[in-house]
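Heads up: the structure comes next, in structure tokens.
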Amino acid sequence: MSKKLWGGRFQAETNQLVDDFGASIGFDQLMAEEDLMGSLAHVKMLGHTGILKQDEVEQITTGLKSLQDELKEGKLQFSTANEDIHMNLEALLTERIGPVAGKLHTARSRNDQVATDFHLYVKRRLPQILAAIKELQATLLKLAEKNVKTVMPGYTHLQHAQPISLAQSFLAYFNMLQRDYERFEFNQKHTDLLPLGAAALAGTTFPIDREYTAQELEFDAVYPNSLDAVSDRDFALEFLSNCSILMMHLSRFCEELSLWVSQEFNFVELSDAYTTGSSIMPQKKNPDMVELIRGKTGRVYGHLIGLLTTMKGLPLAYNKDLQEDKEGVFDTVKTILPTLKIFTGMLQTMKINKEQMYASTENDYSNATELADYLASKGVPFREAHGIVGQLVFKGIQEHRNLQEMSLAELQAASPLIENDVYHELQPEVAVERRNSLGGTGFKSIQQQIEQAQQTLAQE
Ligand code: ARG
């Protein structure tokens, strides 16, 4: 008989390559805490239902708790020979308390055990991610509050389009992150389902009490179907998908920041604490974190596509392919938490060059829409007004002057409806201030958005 925990029906030992290739202990030891939590709840339930005797429950519980202590102290040694975290911990428990350890696996399979550990792992990280998103949102809101009147160019096609308030831009990201927050909150609903008790795939003949275990582990509910319980990884896919969307948002912001710190824009300066130097060019201050967060976005997408692909051909119920579900999620957690923290710190310490932002709205034609609107409000059909202003812009480009530098006589030659008050409206900050349609960049509208954002943050 093979020495394996499941070796009864095997005559020969497994090939070493198979052991190495099949082992997951190298990464699933990250769920050791969750595995012990699950086992403690399971054995308590076995006692509660009378499936195990009280003294057996006590021996097993004491053994598991001592493993918990040793884990905290970093004293547990795992081995590839024991394949995964579940069998490693069972082997260690057997070393500590003897054959009674074997009773822990009553009415349980590694299939519902691993699914439970994985649910617990994600369930325990979601609040950390939610808190980190909120911190970043609070930072964005503060920046918005401080920059209502900071005027900058707004872009479409990366071309100066219309001047906006910098706060409008910060609030745009605040809103994206709010949707991320809500997606992660919803993710909790599908993560908060307990698979334990589904056993290998079909349930068990033992009179277990799944609701009891769920309460012990603070799960909202149990999976209603055993086949689904052991083979569902939707909660992990939702997690990876939510992380991908969140990273996409941050990556877009990174793209803007990398432009804004360039010499050509010079809109912001990142703190020394969040930038790096060059080994050859002494003058360099590189926005490495901005680039790395943008870069790591691809890695997170990869994990989502990887798991989707792993899942797509799987017949019910458990298949060993499912062992591939974990590393991408672990790596995503390892990526997303520092990303959120670094992003927050980077924004909190960033210096904003307000003058430079404003100056770049004065040397362009981003007030052209103002002039067209001015004419339209005097009764000129907008399409016609657009044409008149277009011709003035053309003239300006030829003569290297912008609209506000043209004399009243020149403007009136284009349309006699233009009067002296036009110069007021052509100022970038006036153009911004007046855009108070709901959700617009006008100062009043931004104030409303800020109040709404404050309420949103206070609610959760
Ligand atoms: N290490 C395995 C995994 O991560 C645990 C479940 C193994 N179950 C089995 N029937 N081989 O999926």
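In the structure tokens, each chain is lettered A, B, ... as it comes, each chain's residues begin at 1, and ligands are numbered from 1 in order of appearance.
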
List every residue of chain A that has an atom at most 9 Å from any atom of ligand 1, giving for each one its closest atom pair and the distance in Å to one decimal, counting only C-alpha atoms and all ligand atoms, sorted by chain and then by ascending residue number, as a Markdown table.
| residue | atom | partner | partner_atom_place_in_ligand_line | distance |
| --- | --- | --- | --- | --- |
| A:Gly22 | CA | ligand 1 | 1 (N) | 8.1 |
| A:Ala23 | CA | ligand 1 | 1 (N) | 7.1 |
| A:Ser24 | CA | ligand 1 | 1 (N) | 5.5 |
| A:Ile25 | CA | ligand 1 | 1 (N) | 7.6 |
| A:Asp28 | CA | ligand 1 | 4 (O) | 7.2 |
| A:Glu83 | CA | ligand 1 | 1 (N) | 7.0 |
| A:Asp84 | CA | ligand 1 | 1 (N) | 5.0 |
| A:Ile85 | CA | ligand 1 | 1 (N) | 7.2 |
| A:His86 | CA | ligand 1 | 5 (C) | 7.1 |
| A:Met87 | CA | ligand 1 | 1 (N) | 8.7 |
| A:Ser109 | CA | ligand 1 | 8 (N) | 7.5 |
| A:Arg110 | CA | ligand 1 | 6 (C) | 4.7 |
| A:Asn111 | CA | ligand 1 | 6 (C) | 4.9 |
| A:Asp112 | CA | ligand 1 | 6 (C) | 8.1 |
| A:Gln113 | CA | ligand 1 | 6 (C) | 7.5 |
| A:Val114 | CA | ligand 1 | 5 (C) | 5.4 |
| A:Ala115 | CA | ligand 1 | 12 (O) | 7.8 |
| A:Phe118 | CA | ligand 1 | 4 (O) | 8.9 |
| A:Ala200 | CA | ligand 1 | 10 (N) | 7.4 |
| A:Tyr318 | CA | ligand 1 | 10 (N) | 6.7 |
| A:Asn319 | CA | ligand 1 | 10 (N) | 7.0 |
| A:Lys320 | CA | ligand 1 | 12 (O) | 5.7 |
| A:Asp321 | CA | ligand 1 | 12 (O) | 7.3 |
| A:Leu322 | CA | ligand 1 | 12 (O) | 5.1 |
| A:Gln323 | CA | ligand 1 | 12 (O) | 3.6 |
| A:Glu324 | CA | ligand 1 | 4 (O) | 7.1 |
| A:Asp325 | CA | ligand 1 | 4 (O) | 7.6 |
| A:Lys326 | CA | ligand 1 | 4 (O) | 7.4 |

Residues flagged strand (DSSP E or B) by DSSP in stretch 122-233 of chain A, as a PyMOL selection string: chain A and resi 151-156+159-165+193-194+221-222

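Residue nearest A:Gln178, chosen from A:His249, A:Arg210, A:Arg108, A:His160 and counting only C-alpha atoms: A:His249.
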
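Atom CA of A:Met350 lies 5.8 Å from atom CA of A:Glu269.
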
Shell around A:Ile208 at 8 Å using only C-alpha atoms, local window under 3 positions removed, as a PyMOL selection string: chain A and resi 45-46+49+51+107+197+204

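The shortest atom-to-atom distance to A:Asp421, with only C-alpha atoms taken into account, belongs to A:Gln404 out of A:Glu13, A:Gln404, A:Lys285, A:Asp55.
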
Those of stretch 232-346 of chain A in DSSP alpha helix (DSSP H), formatted as JSON, numbers by chain: {"A": [234, 235, 236, 237, 238, 239, 240, 241, 242, 243, 244, 245, 246, 247, 248, 249, 250, 251, 252, 253, 254, 255, 256, 257, 258, 259, 260, 288, 289, 290, 291, 292, 293, 294, 295, 296, 297, 298, 299, 300, 301, 302, 303, 304, 305, 306, 307, 308, 309, 310, 311, 312, 326, 327, 328, 329, 330, 331, 332, 333, 334, 335, 336, 337, 338, 339, 340, 341, 342, 343, 344, 345, 346]}

A:Glu451 surroundings by only C-alpha atoms, 12 Å radius, close-in-sequence under 4 positions cut, as a PyMOL selection string: chain A and resi 141-142+144-145+171+444-447+455-458

Output C-alpha atoms for every residue in the selection just made, as a tab-separated table (two decimals), in the first residue's frame.
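Below is the file that was written, out.tsv:
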chain	number	residue	atom	x	y	z
A	141	LEU	CA	-12.93	64.10	-2.15
A	142	LYS	CA	-10.53	66.23	-0.12
A	144	ALA	CA	-11.86	68.00	-4.99
A	145	GLU	CA	-12.88	70.25	-2.09
A	171	LEU	CA	-14.90	63.62	-8.64
A	444	LYS	CA	-22.18	75.38	-8.05
A	445	SER	CA	-22.62	72.02	-9.71
A	446	ILE	CA	-19.33	70.83	-8.24
A	447	GLN	CA	-20.41	71.99	-4.80
A	455	GLN	CA	-23.09	61.86	2.03
A	456	THR	CA	-22.09	58.72	0.15
A	457	LEU	CA	-18.91	58.37	2.16
A	458	ALA	CA	-20.70	58.97	5.45

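Around A:Phe394, within 12 Å and counting only C-alpha atoms, the residues found are A:Tyr365, A:Ala368, A:Gly387, A:Ile388, A:His400, A:Arg401, A:Asn402, A:Leu403, once anything fewer than 6 positions away on its own chain is removed.
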
Atoms to include: C-alpha atoms. Write the selected residues as a short mmCIF file (atom, residue, chain, number, x, y, z; two decimals), in the first residue's frame.
data_model
loop_
_atom_site.label_atom_id
_atom_site.label_comp_id
_atom_site.auth_asym_id
_atom_site.auth_seq_id
_atom_site.Cartn_x
_atom_site.Cartn_y
_atom_site.Cartn_z
CA TYR A 365 -9.11 77.89 -28.35
CA ALA A 368 -14.50 78.59 -28.73
CA GLY A 387 -19.41 78.18 -38.38
CA ILE A 388 -18.80 81.84 -37.47
CA HIS A 400 -1.11 83.43 -33.80
CA ARG A 401 -3.73 85.00 -31.60
CA ASN A 402 -6.49 83.49 -29.55
CA LEU A 403 -10.10 84.66 -29.44
#

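Minimum atom-to-atom distances from A:Asn266, A:Thr14, A:Ser79, A:Thr156 to A:Phe27 were compared using only C-alpha atoms, and the lowest value belongs to A:Ser79.
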